[in-house]
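Visitor: The file below is entry00.cif, mmCIF, C-alpha atoms:
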```cif
data_upload
#
loop_
_atom_site.label_atom_id
_atom_site.label_comp_id
_atom_site.auth_asym_id
_atom_site.auth_seq_id
_atom_site.Cartn_x
_atom_site.Cartn_y
_atom_site.Cartn_z
CA MET A 27 248.79 -97.49 65.06
CA GLU A 28 246.79 -98.50 61.96
CA LEU A 29 245.96 -96.01 59.21
CA LYS A 30 242.31 -95.80 60.22
CA GLU A 31 243.26 -95.16 63.84
CA ALA A 32 245.84 -92.57 62.76
CA VAL A 33 243.25 -90.73 60.67
CA SER A 34 240.81 -90.72 63.59
CA TYR A 35 243.44 -89.30 65.95
CA ALA A 36 244.56 -86.76 63.34
CA LYS A 37 240.98 -85.50 63.02
CA LYS A 38 240.88 -85.15 66.81
CA ILE A 39 244.01 -82.98 66.62
CA VAL A 40 242.36 -80.75 64.01
CA ARG A 41 239.33 -80.33 66.30
CA ASP A 42 241.56 -79.58 69.28
CA ILE A 43 243.67 -76.92 67.53
CA GLY A 44 240.90 -75.60 65.31
CA ILE A 45 241.08 -74.32 61.75
CA LYS A 46 242.47 -70.79 61.84
CA ASP A 47 241.35 -68.17 59.35
CA VAL A 48 244.53 -66.24 58.55
CA GLU A 49 245.62 -64.05 55.68
CA ASP A 50 247.87 -65.49 52.97
CA LYS A 51 250.80 -63.42 54.23
CA THR A 52 250.48 -64.91 57.73
CA LYS A 53 250.01 -68.41 56.34
CA ASP A 54 253.21 -68.16 54.29
CA GLU A 55 255.09 -66.86 57.34
CA TYR A 56 253.82 -69.71 59.54
CA LEU A 57 254.75 -72.38 56.99
CA LYS A 58 258.21 -70.85 56.60
CA ILE A 59 258.74 -70.91 60.39
CA PHE A 60 257.45 -74.51 60.50
CA LYS A 61 260.02 -75.68 57.94
CA ARG A 62 262.75 -74.28 60.19
CA ILE A 63 261.28 -75.84 63.34
CA ILE A 64 261.11 -79.40 61.97
CA THR A 65 264.83 -79.44 61.18
CA ASP A 66 265.43 -79.63 64.94
CA PRO A 67 262.24 -79.00 67.01
CA ASP A 68 263.91 -79.80 70.35
CA LYS A 69 266.30 -76.88 69.81
CA ILE A 70 264.73 -74.35 67.45
CA LEU A 71 261.28 -74.22 69.06
CA TYR A 72 262.66 -73.40 72.51
CA GLU A 73 265.52 -71.04 71.69
CA GLY A 74 265.08 -67.28 71.86
CA SER A 75 262.57 -65.21 73.76
CA LYS A 76 259.26 -66.12 75.34
CA GLY A 77 257.35 -63.97 72.87
CA TYR A 78 259.03 -65.61 69.88
CA TYR A 79 258.33 -69.07 71.37
CA TYR A 80 254.60 -68.37 71.30
CA LYS A 81 254.82 -67.21 67.69
CA LYS A 82 256.72 -70.37 66.72
CA LYS A 83 254.23 -72.55 68.57
CA ALA A 84 251.33 -70.82 66.80
CA ALA A 85 253.10 -71.53 63.50
CA LEU A 86 253.66 -75.15 64.55
CA ARG A 87 250.02 -75.76 65.50
CA PHE A 88 248.71 -74.05 62.37
CA SER A 89 251.07 -76.03 60.12
CA ILE A 90 250.24 -79.37 61.76
CA VAL A 91 246.55 -78.78 60.99
CA HIS A 92 247.43 -77.62 57.47
CA TYR A 93 249.42 -80.76 56.62
CA ILE A 94 247.04 -83.14 58.38
CA GLN A 95 244.20 -81.75 56.26
CA MET A 96 246.28 -82.33 53.14
CA CYS A 97 246.91 -85.95 54.18
CA ILE A 98 243.22 -86.60 54.91
CA LYS A 99 242.27 -85.04 51.57
CA LYS A 100 244.60 -87.47 49.78
CA ILE A 101 243.12 -90.41 51.68
CA ASN A 102 239.57 -89.34 50.79
CA SER A 103 240.47 -89.12 47.11
CA LYS A 104 240.37 -92.99 46.99
CA SER A 105 243.08 -93.11 44.35
CA LEU A 106 245.86 -94.38 46.61
CA ASP A 107 247.96 -97.43 45.96
CA GLN A 108 249.64 -99.24 48.83
CA VAL A 109 252.88 -97.27 48.48
CA ASP A 110 251.05 -93.93 48.73
CA ALA A 111 248.96 -95.20 51.65
CA ASN A 112 252.10 -96.21 53.57
CA LYS A 113 253.69 -92.83 52.86
CA ILE A 114 250.65 -90.92 54.15
CA TRP A 115 250.48 -93.22 57.15
CA ASP A 116 254.10 -92.32 58.00
CA GLU A 117 253.34 -88.61 57.54
CA LEU A 118 250.30 -88.76 59.81
CA ARG A 119 252.24 -90.58 62.50
CA TYR A 120 254.99 -87.95 62.25
CA PHE A 121 252.52 -85.07 62.71
CA ILE A 122 250.75 -86.89 65.55
CA ASP A 123 254.06 -87.42 67.37
CA LEU A 124 255.06 -83.81 66.72
CA TYR A 125 251.75 -82.63 68.17
CA LYS A 126 252.04 -84.83 71.27
CA LYS A 127 255.60 -83.75 71.99
CA HIS A 128 255.57 -80.03 71.15
CA ALA A 129 252.17 -78.61 70.16
CA ILE A 130 249.80 -79.39 73.04
CA ASN A 131 248.83 -76.27 74.98
CA THR A 132 249.79 -76.75 78.61
CA GLY A 133 249.18 -73.19 79.80
CA VAL A 134 252.80 -72.89 80.94
CA SER A 135 255.63 -71.58 78.77
CA PRO A 136 258.88 -73.58 78.92
CA VAL A 137 260.69 -70.40 77.87
CA THR A 138 261.05 -67.57 80.40
CA THR A 139 263.48 -65.22 78.64
CA LYS A 140 261.75 -62.03 77.52
CA ASN A 141 262.60 -60.30 74.28
CA PRO A 142 264.65 -57.24 75.25
CA GLY A 143 263.90 -53.84 73.84
CA LYS A 144 260.74 -54.60 71.87
CA SER A 145 257.90 -54.23 74.37
CA LYS A 146 255.51 -51.55 73.10
CA ARG A 147 254.32 -50.64 76.60
CA LYS A 148 257.87 -50.53 77.94
CA SER A 149 258.91 -48.25 75.10
CA LEU A 150 256.57 -45.61 76.57
CA ARG A 151 258.03 -45.80 80.06
CA LYS A 152 260.17 -42.80 81.03
CA MET A 153 259.54 -41.22 77.65
CA PRO A 154 258.97 -37.44 77.77
CA TYR A 155 255.34 -36.39 78.15
CA ASN A 156 255.43 -34.90 74.65
CA TRP A 157 257.48 -37.63 72.94
CA ARG A 158 255.16 -37.69 69.91
CA GLU A 159 255.60 -33.95 69.38
CA ILE A 160 259.39 -34.34 69.69
CA MET A 161 259.35 -37.16 67.10
CA TRP A 162 257.20 -34.98 64.84
CA GLU A 163 259.49 -31.95 65.11
CA ARG A 164 262.62 -34.03 64.45
CA CYS A 165 261.11 -35.72 61.40
CA ASP A 166 262.88 -34.02 58.47
CA ASN A 167 261.96 -36.62 55.83
CA TYR A 168 258.76 -35.51 54.10
CA ASP A 169 258.25 -39.01 52.67
CA TYR A 170 257.22 -40.03 56.21
CA LYS A 171 255.68 -36.78 57.51
CA GLY A 172 252.11 -37.66 56.55
CA ALA A 173 252.44 -41.21 57.90
CA LEU A 174 253.76 -39.90 61.23
CA ALA A 175 250.76 -37.57 61.47
CA ILE A 176 248.37 -40.49 60.84
CA LEU A 177 250.15 -42.61 63.46
CA GLN A 178 249.93 -39.82 66.03
CA LEU A 179 246.26 -38.95 65.47
CA THR A 180 244.68 -42.34 64.74
CA GLY A 181 247.00 -45.11 65.97
CA ALA A 182 246.68 -46.82 62.58
CA ARG A 183 248.71 -49.97 61.94
CA PRO A 184 251.71 -49.65 59.59
CA SER A 185 250.09 -52.26 57.32
CA GLU A 186 246.99 -50.03 57.10
CA ILE A 187 249.07 -47.02 56.12
CA GLU A 188 250.67 -49.19 53.43
CA ARG A 189 247.18 -49.83 52.04
CA GLY A 190 246.56 -46.09 51.87
CA VAL A 191 244.80 -43.64 54.19
CA ILE A 192 242.48 -40.88 52.94
CA VAL A 193 242.30 -37.54 54.78
CA ALA A 194 239.38 -35.24 53.87
CA GLY A 195 238.40 -31.74 55.01
CA ASP A 196 239.22 -28.05 54.57
CA GLU A 197 239.87 -24.95 56.66
CA SER A 198 236.14 -24.38 57.21
CA SER A 199 235.50 -27.95 58.43
CA ASP A 200 234.80 -28.78 62.06
CA PHE A 201 236.58 -32.11 61.59
CA LEU A 202 239.28 -33.80 59.57
CA GLU A 203 237.91 -37.16 58.44
CA ILE A 204 240.55 -39.88 58.21
CA THR A 205 239.43 -43.07 56.47
CA ILE A 206 241.49 -46.20 57.11
CA ARG A 207 241.26 -49.52 55.28
CA GLY A 208 241.68 -52.18 57.95
CA SER A 209 244.15 -55.05 58.01
CA LYS A 210 244.26 -58.33 59.97
CA GLN A 211 240.81 -59.35 58.81
CA GLY A 212 241.63 -62.91 57.76
CA LYS A 213 240.68 -64.47 54.43
CA ALA A 214 237.00 -64.69 55.38
CA LYS A 215 237.00 -61.01 56.48
CA ARG A 216 235.53 -61.93 59.88
CA ASN A 217 238.15 -60.15 61.97
CA GLY A 218 238.82 -56.45 62.35
CA GLN A 219 237.08 -53.57 60.62
CA ALA A 220 237.18 -53.40 56.82
CA THR A 221 237.08 -49.60 57.03
CA ARG A 222 236.79 -46.99 59.75
CA THR A 223 236.49 -43.22 59.56
CA ILE A 224 237.90 -41.23 62.46
CA LYS A 225 236.88 -37.59 62.93
CA ILE A 226 239.62 -35.38 64.34
CA GLU A 227 238.40 -32.31 66.24
CA MET A 228 239.36 -29.09 64.41
CA ARG A 229 237.19 -26.53 66.24
CA THR A 230 239.84 -25.98 68.90
CA ARG A 231 242.95 -23.96 68.01
CA VAL A 232 245.34 -25.86 65.77
CA SER A 233 248.93 -25.35 66.89
CA HIS A 234 251.25 -24.14 64.17
CA GLY A 235 253.59 -26.92 63.08
CA SER A 236 251.52 -29.68 64.71
CA ALA A 237 250.45 -32.92 63.02
CA LYS A 238 246.87 -31.60 62.69
CA ASN A 239 248.13 -28.37 61.17
CA TYR A 240 250.25 -30.30 58.67
CA LEU A 241 247.33 -32.46 57.49
CA LEU A 242 245.06 -29.41 57.30
CA SER A 243 247.59 -27.56 55.15
CA GLN A 244 247.91 -30.57 52.84
CA VAL A 245 244.16 -30.90 52.24
CA ALA A 246 243.54 -27.13 51.99
CA TYR A 247 243.60 -26.98 48.19
CA GLU A 248 242.43 -30.40 47.02
CA GLY A 249 240.05 -31.14 49.89
CA HIS A 250 241.68 -34.53 50.43
CA LEU A 251 245.07 -36.19 50.92
CA PHE A 252 246.19 -39.75 50.20
CA VAL A 253 248.89 -41.07 52.57
CA GLN A 254 250.69 -44.29 51.68
CA VAL A 255 254.05 -45.61 52.92
CA ASN A 256 255.61 -49.08 52.88
CA ALA A 257 255.06 -50.67 56.32
CA LYS A 258 258.61 -52.02 56.76
CA ARG A 259 260.23 -48.75 55.69
CA LEU A 260 257.97 -46.83 58.05
CA ASN A 261 258.85 -49.16 60.93
CA ASP A 262 262.58 -48.82 60.21
CA TYR A 263 262.37 -45.03 59.93
CA VAL A 264 260.45 -44.57 63.20
CA ARG A 265 262.91 -46.80 65.08
CA ARG A 266 265.94 -45.02 63.61
CA LEU A 267 264.45 -41.63 64.49
CA SER A 268 263.79 -42.76 68.06
CA GLN A 269 267.34 -44.09 68.41
CA LYS A 270 268.73 -40.84 67.03
CA ILE A 271 266.75 -38.71 69.52
CA TRP A 272 267.23 -40.97 72.57
CA PRO A 273 270.41 -42.98 71.89
CA ARG A 274 270.81 -44.14 75.49
CA LYS A 275 267.36 -45.69 75.90
CA LYS A 276 266.95 -49.46 75.84
CA ASN A 277 263.34 -49.57 74.57
CA HIS A 278 262.67 -47.52 71.46
CA ILE A 279 259.57 -46.14 69.77
CA SER A 280 257.98 -48.14 66.94
CA PRO A 281 254.84 -47.37 64.89
CA TYR A 282 252.86 -49.58 67.28
CA SER A 283 253.97 -47.39 70.20
CA TYR A 284 251.68 -44.67 68.78
CA ARG A 285 248.82 -47.17 68.86
CA HIS A 286 249.48 -48.02 72.50
CA GLN A 287 249.82 -44.33 73.39
CA LEU A 288 246.52 -43.40 71.73
CA SER A 289 244.74 -46.23 73.56
CA ALA A 290 246.27 -45.04 76.85
CA ASP A 291 245.10 -41.47 76.13
CA LEU A 292 241.56 -42.65 75.37
CA LYS A 293 241.45 -44.73 78.56
CA GLY A 294 242.76 -41.76 80.53
CA GLU A 295 239.94 -39.61 79.10
CA GLY A 296 237.33 -42.16 80.20
CA CYS A 297 236.40 -43.17 76.67
CA LEU A 298 234.01 -46.13 76.50
CA PRO A 299 235.69 -49.49 75.70
CA PRO A 300 233.53 -50.06 72.59
CA LYS A 301 234.65 -46.76 71.13
CA ILE A 302 238.32 -47.52 71.83
CA SER A 303 237.93 -50.84 70.01
CA MET A 304 236.34 -49.11 67.01
CA ILE A 305 239.08 -46.45 66.84
CA LEU A 306 241.74 -49.18 66.88
CA GLY A 307 239.91 -51.11 64.16
CA HIS A 308 238.86 -54.13 66.23
CA ARG A 309 235.71 -56.24 66.01
CA SER A 310 236.06 -57.56 69.58
CA ILE A 311 235.49 -55.25 72.55
CA LEU A 312 238.10 -57.15 74.56
CA SER A 313 240.98 -56.59 72.09
CA LYS A 314 241.62 -53.07 73.40
CA LYS A 315 242.86 -54.55 76.69
CA LYS A 316 246.19 -55.32 75.04
CA TYR A 317 246.85 -51.68 74.22
CA GLY A 318 248.08 -49.05 76.64
CA ILE A 319 247.14 -48.31 80.24
CA SER A 320 245.51 -45.15 81.60
CA ALA A 321 248.58 -44.43 83.75
CA GLN A 322 250.51 -43.77 80.52
CA ALA A 323 247.95 -41.22 79.24
CA ARG A 324 249.54 -38.06 77.85
CA GLY A 325 246.91 -35.52 76.92
CA ASN A 326 244.02 -34.96 74.51
CA SER A 327 243.44 -37.52 71.78
CA HIS A 328 241.61 -34.96 69.55
CA ILE A 329 239.19 -37.71 68.40
CA ALA A 330 235.56 -36.57 68.27
CA ASP A 331 233.84 -39.54 66.63
CA VAL A 332 234.38 -42.81 64.76
CA THR A 333 232.30 -44.80 62.30
CA CYS A 334 233.07 -48.44 61.39
CA SER A 335 231.93 -50.79 58.64
CA SER A 336 230.94 -53.62 61.00
CA PRO A 337 229.27 -53.93 64.42
CA LEU A 338 231.31 -55.06 67.40
CA ARG A 339 231.09 -58.57 68.80
CA ASP A 340 230.11 -58.80 72.46
CA PRO A 341 231.63 -61.54 74.63
CA GLN A 342 228.98 -64.14 75.37
CA PRO A 343 227.17 -64.12 77.70
CA SER A 344 227.33 -60.33 77.68
CA ARG A 345 227.31 -58.77 81.12
CA LEU A 346 229.64 -55.88 80.47
CA PRO A 347 229.27 -52.83 82.75
CA TRP A 348 229.12 -50.36 79.85
CA ASP A 349 226.23 -52.21 78.12
CA ARG A 350 223.81 -50.01 80.05
CA LEU A 351 225.44 -46.89 78.60
CA ALA A 352 225.93 -47.81 74.94
CA SER A 353 224.76 -50.44 72.50
CA THR A 354 227.17 -52.14 70.13
CA LYS A 355 224.45 -53.12 67.62
CA GLY A 356 224.22 -51.73 64.11
CA ALA A 357 226.75 -51.51 61.29
CA ASP A 358 226.95 -47.72 61.64
CA ALA A 359 227.18 -47.70 65.44
CA ARG A 360 228.50 -44.56 67.13
CA TYR A 361 229.69 -43.99 70.66
CA PRO A 362 229.89 -40.60 72.38
CA MET A 363 233.07 -39.68 74.16
CA LEU A 364 232.47 -39.49 77.89
#
```
Using structure tokens, write down the structure that the file contains.
Guide:
Amino acid sequence: MELKEAVSYAKKIVRDIGIKDVEDKTKDEYLKIFKRIITDPDKILYEGSKGYYYKKKAALRFSIVHYIQMCIKKINSKSLDQVDANKIWDELRYFIDLYKKHAINTGVSPVTTKNPGKSKRKSLRKMPYNWREIMWERCDNYDYKGALAILQLTGARPSEIERGVIVAGDESSDFLEITIRGSKQGKAKRNGQATRTIKIEMRTRVSHGSAKNYLLSQVAYEGHLFVQVNAKRLNDYVRRLSQKIWPRKKNHISPYSYRHQLSADLKGEGCLPPKISMILGHRSILSKKKYGISAQARGNSHIADVTCSSPLRDPQPSRLPWDRLASTKGADARYPML
């Protein structure tokens, strides 16, 4: 394969995989995984669970595009001598061979082993109906009390709590307003919601000692509360607490379990799909499908309303059954709870 032919094929690979817009943190993680894979791709790519295989393959495809683009950029600089040209030619051929052998999407996973004990949906199976209340009552570390309340009421991501969540309201308010700065937006900020404000219903009786009661007591004097906890420490604490309460269970609660549970509750209440997506901080209406099922619903979500910074994206062509009931247009779109 000549250099010109290699460049042409490499560009075809870039078009096939596509240029992914990911955050710097994800990019660094993918490149780190890629450096491990290339030491022995035949072994490292296919060992472990099915879920981890897909993550490694995503890292592989992203990194192939990343390095191919670097090679093409060097070629276009027109300052290559023959030695550099031969080196880039060898690099391109290596990435092309790596793509052909390991990175083409076939639609079938060569790995069938599932990752034990980490499924968010499975973690909710056979859990007590009031598992969130039990976790709340057993939480004796006040460094995590506010974060646990935010998880329970809003399903916020741990990375969003790390960015800081603002709770506003007072004892005379009808709602507690919880403002969340979104994560997983990508460098171009085209994914997810930059901010969303979730209104928690306060007109009904607030149980003493509940998560709502705790947040209300915290904002009573100042009128607002700022909740911020390191994402990894929060994840570790929630898992340790779950293991302490239910030591014999195989699948344990994680911060994302709260997210799945809230989605399940909303689906069980008949909440419109666009509103579920907005509450979870998505830009796509279809993203909510990955979270929770109505059969796992466990009571009232307490969410009255939500406002997001960006409109939702409809699948194209849009023929969704709820389009007749609610429009997803407008940056300040609102959806009533059905």
Visitor: With the file shown as input, list the residues that the PyMOL selection byres ((chain A and resi 328) around 7) selects, as a PyMOL selection string.
Guide: chain A and resi 226-227+326-327+329-330
Visitor: Pick out the closest residue to Ile302 (chain A) from this set: A:Gln178, A:Ala321, A:Asn277, A:Cys334. Count all atoms listed in the file.
Guide: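 Looking at the shortest contact to Ile302 (chain A), the residue is A:Cys334.
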Visitor: Would you list the contacts of Ser310 (chain A) as a list in words, taking every protein, DNA or RNA residue within 6 Å and counting all atoms listed in the file, but skipping same-chain residues closer than 2 positions in sequence?
Guide: His308, Leu312, Ser313, Leu338 and Arg339 of chain A
Visitor: Name the residues captured by the PyMOL selection byres ((chain A and resi 153) around 10) when it is applied to the shown file; answer as a ChimeraX atom specification.
Guide: /A:148-152,154-158,272,275,277-279,322
Visitor: Okay, now the selection with C-alpha atoms, as a CSV table (one decimal), in the frame of the given file?
Guide:
```
chain,number,residue,atom,x,y,z
A,148,LYS,CA,257.9,-50.5,77.9
A,149,SER,CA,258.9,-48.2,75.1
A,150,LEU,CA,256.6,-45.6,76.6
A,151,ARG,CA,258.0,-45.8,80.1
A,152,LYS,CA,260.2,-42.8,81.0
A,154,PRO,CA,259.0,-37.4,77.8
A,155,TYR,CA,255.3,-36.4,78.2
A,156,ASN,CA,255.4,-34.9,74.6
A,157,TRP,CA,257.5,-37.6,72.9
A,158,ARG,CA,255.2,-37.7,69.9
A,272,TRP,CA,267.2,-41.0,72.6
A,275,LYS,CA,267.4,-45.7,75.9
A,277,ASN,CA,263.3,-49.6,74.6
A,278,HIS,CA,262.7,-47.5,71.5
A,279,ILE,CA,259.6,-46.1,69.8
A,322,GLN,CA,250.5,-43.8,80.5
```
Visitor: Here's the selection I'm unsure about, the PyMOL selection byres ((chain A and resi 46) around 12); applied to the file above, which residues does it give, as a list in words?
Guide: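 Selected by the PyMOL selection byres ((chain A and resi 46) around 12) in this file: Val40, Arg41, Asp42, Ile43, Gly44, Ile45, Asp47, Val48, Glu49, Asp50, Thr52, Lys53, Tyr56, Ala84, Ala85, Arg87, Phe88, Ser89, Ile90, Val91, His92, Gln211, Gly212, Lys213, Ala214, Arg216 and Asn217 of chain A.
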Visitor: Could you write out the selected residues, including C-alpha atoms, as a CSV table (one decimal), in the coordinates of the input?
Guide:
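The result, written out as part36.csv:
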```
chain,number,residue,atom,x,y,z
A,40,VAL,CA,242.4,-80.8,64.0
A,41,ARG,CA,239.3,-80.3,66.3
A,42,ASP,CA,241.6,-79.6,69.3
A,43,ILE,CA,243.7,-76.9,67.5
A,44,GLY,CA,240.9,-75.6,65.3
A,45,ILE,CA,241.1,-74.3,61.8
A,47,ASP,CA,241.4,-68.2,59.4
A,48,VAL,CA,244.5,-66.2,58.6
A,49,GLU,CA,245.6,-64.0,55.7
A,50,ASP,CA,247.9,-65.5,53.0
A,52,THR,CA,250.5,-64.9,57.7
A,53,LYS,CA,250.0,-68.4,56.3
A,56,TYR,CA,253.8,-69.7,59.5
A,84,ALA,CA,251.3,-70.8,66.8
A,85,ALA,CA,253.1,-71.5,63.5
A,87,ARG,CA,250.0,-75.8,65.5
A,88,PHE,CA,248.7,-74.0,62.4
A,89,SER,CA,251.1,-76.0,60.1
A,90,ILE,CA,250.2,-79.4,61.8
A,91,VAL,CA,246.6,-78.8,61.0
A,92,HIS,CA,247.4,-77.6,57.5
A,211,GLN,CA,240.8,-59.4,58.8
A,212,GLY,CA,241.6,-62.9,57.8
A,213,LYS,CA,240.7,-64.5,54.4
A,214,ALA,CA,237.0,-64.7,55.4
A,216,ARG,CA,235.5,-61.9,59.9
A,217,ASN,CA,238.2,-60.2,62.0
```
Visitor: For Val193 (chain A), work out the shell of residues within 8 Å, counting only C-alpha atoms and skipping chain neighbours fewer than 2 positions away, then give it as a list of chain:residue names.
Guide: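 Result of the neighbour search: A:Val191, A:Gly195, A:Leu202, A:Glu203, A:Ile204, A:Thr205, A:Leu241, A:Val245, A:His250, A:Leu251, A:Phe252, A:Val253.
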Visitor: So, counting all atoms listed in the file, which residue among A:Glu295, A:Glu197, A:Asp123, A:Glu55 is closest to Pro67 (chain A)?
Guide: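 Selected residue with least distance to Pro67 (chain A): A:Asp123.
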Visitor: From the set A:Tyr93, A:Tyr317, A:Tyr240, A:Trp115, which residue has the shortest atom-to-atom contact distance to Lys30 (chain A), counting only C-alpha atoms?
Guide: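 Among A:Tyr93, A:Tyr317, A:Tyr240, A:Trp115, it is A:Trp115 that comes nearest to Lys30 (chain A).
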Visitor: Between A:Cys297, A:Leu260, A:Leu306, A:Leu288, which has the minimum distance to Lys210 (chain A) (counting only C-alpha atoms)?
Guide: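 Of A:Cys297, A:Leu260, A:Leu306, A:Leu288, the one nearest Lys210 (chain A), counting only C-alpha atoms, is A:Leu306.
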Visitor: For Ala323 (chain A), find every residue with an atom within 6 Å (counting all atoms listed in the file), except residues of its own chain fewer than 6 positions away, and show them as a count of residues only.
Guide: 3
Visitor: Taking all atoms listed in the file into account, name the residue in A:Ser280, A:Glu186, A:Leu242, A:Leu292 that is nearest to Arg222 (chain A).
Guide: A:Glu186
Visitor: Find, counting all atoms listed in the file, the residue in A:Ser268, A:Thr180, A:Thr221, A:Ser303 that gets nearest to Arg285 (chain A).
Guide: A:Thr180
Visitor: CA of Met161 (chain A) and CA of Ala237 (chain A), how far apart in Å?
Guide: 10.7 Å
Visitor: Just how far from CA of Ala257 (chain A) is CA of Ser185 (chain A), in Å to one decimal?
Guide: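 These two atoms are separated by 5.3 Å.
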Visitor: What gap, in Å, lies between CA of Gly318 (chain A) and CA of Ile206 (chain A)?
Guide: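 So the two atoms, CA of Gly318 (chain A) and CA of Ile206 (chain A), lie 20.8 Å apart.
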Visitor: Go ahead and find all residues with at least one atom no further than 10 Å from (253.7, -51.8, 68.9) in the file's coordinates, using all atoms listed in the file; report them as an MDAnalysis selection string.
Guide: chainID A and resid 144:147 149 181 183:184 261 279:287 317:318
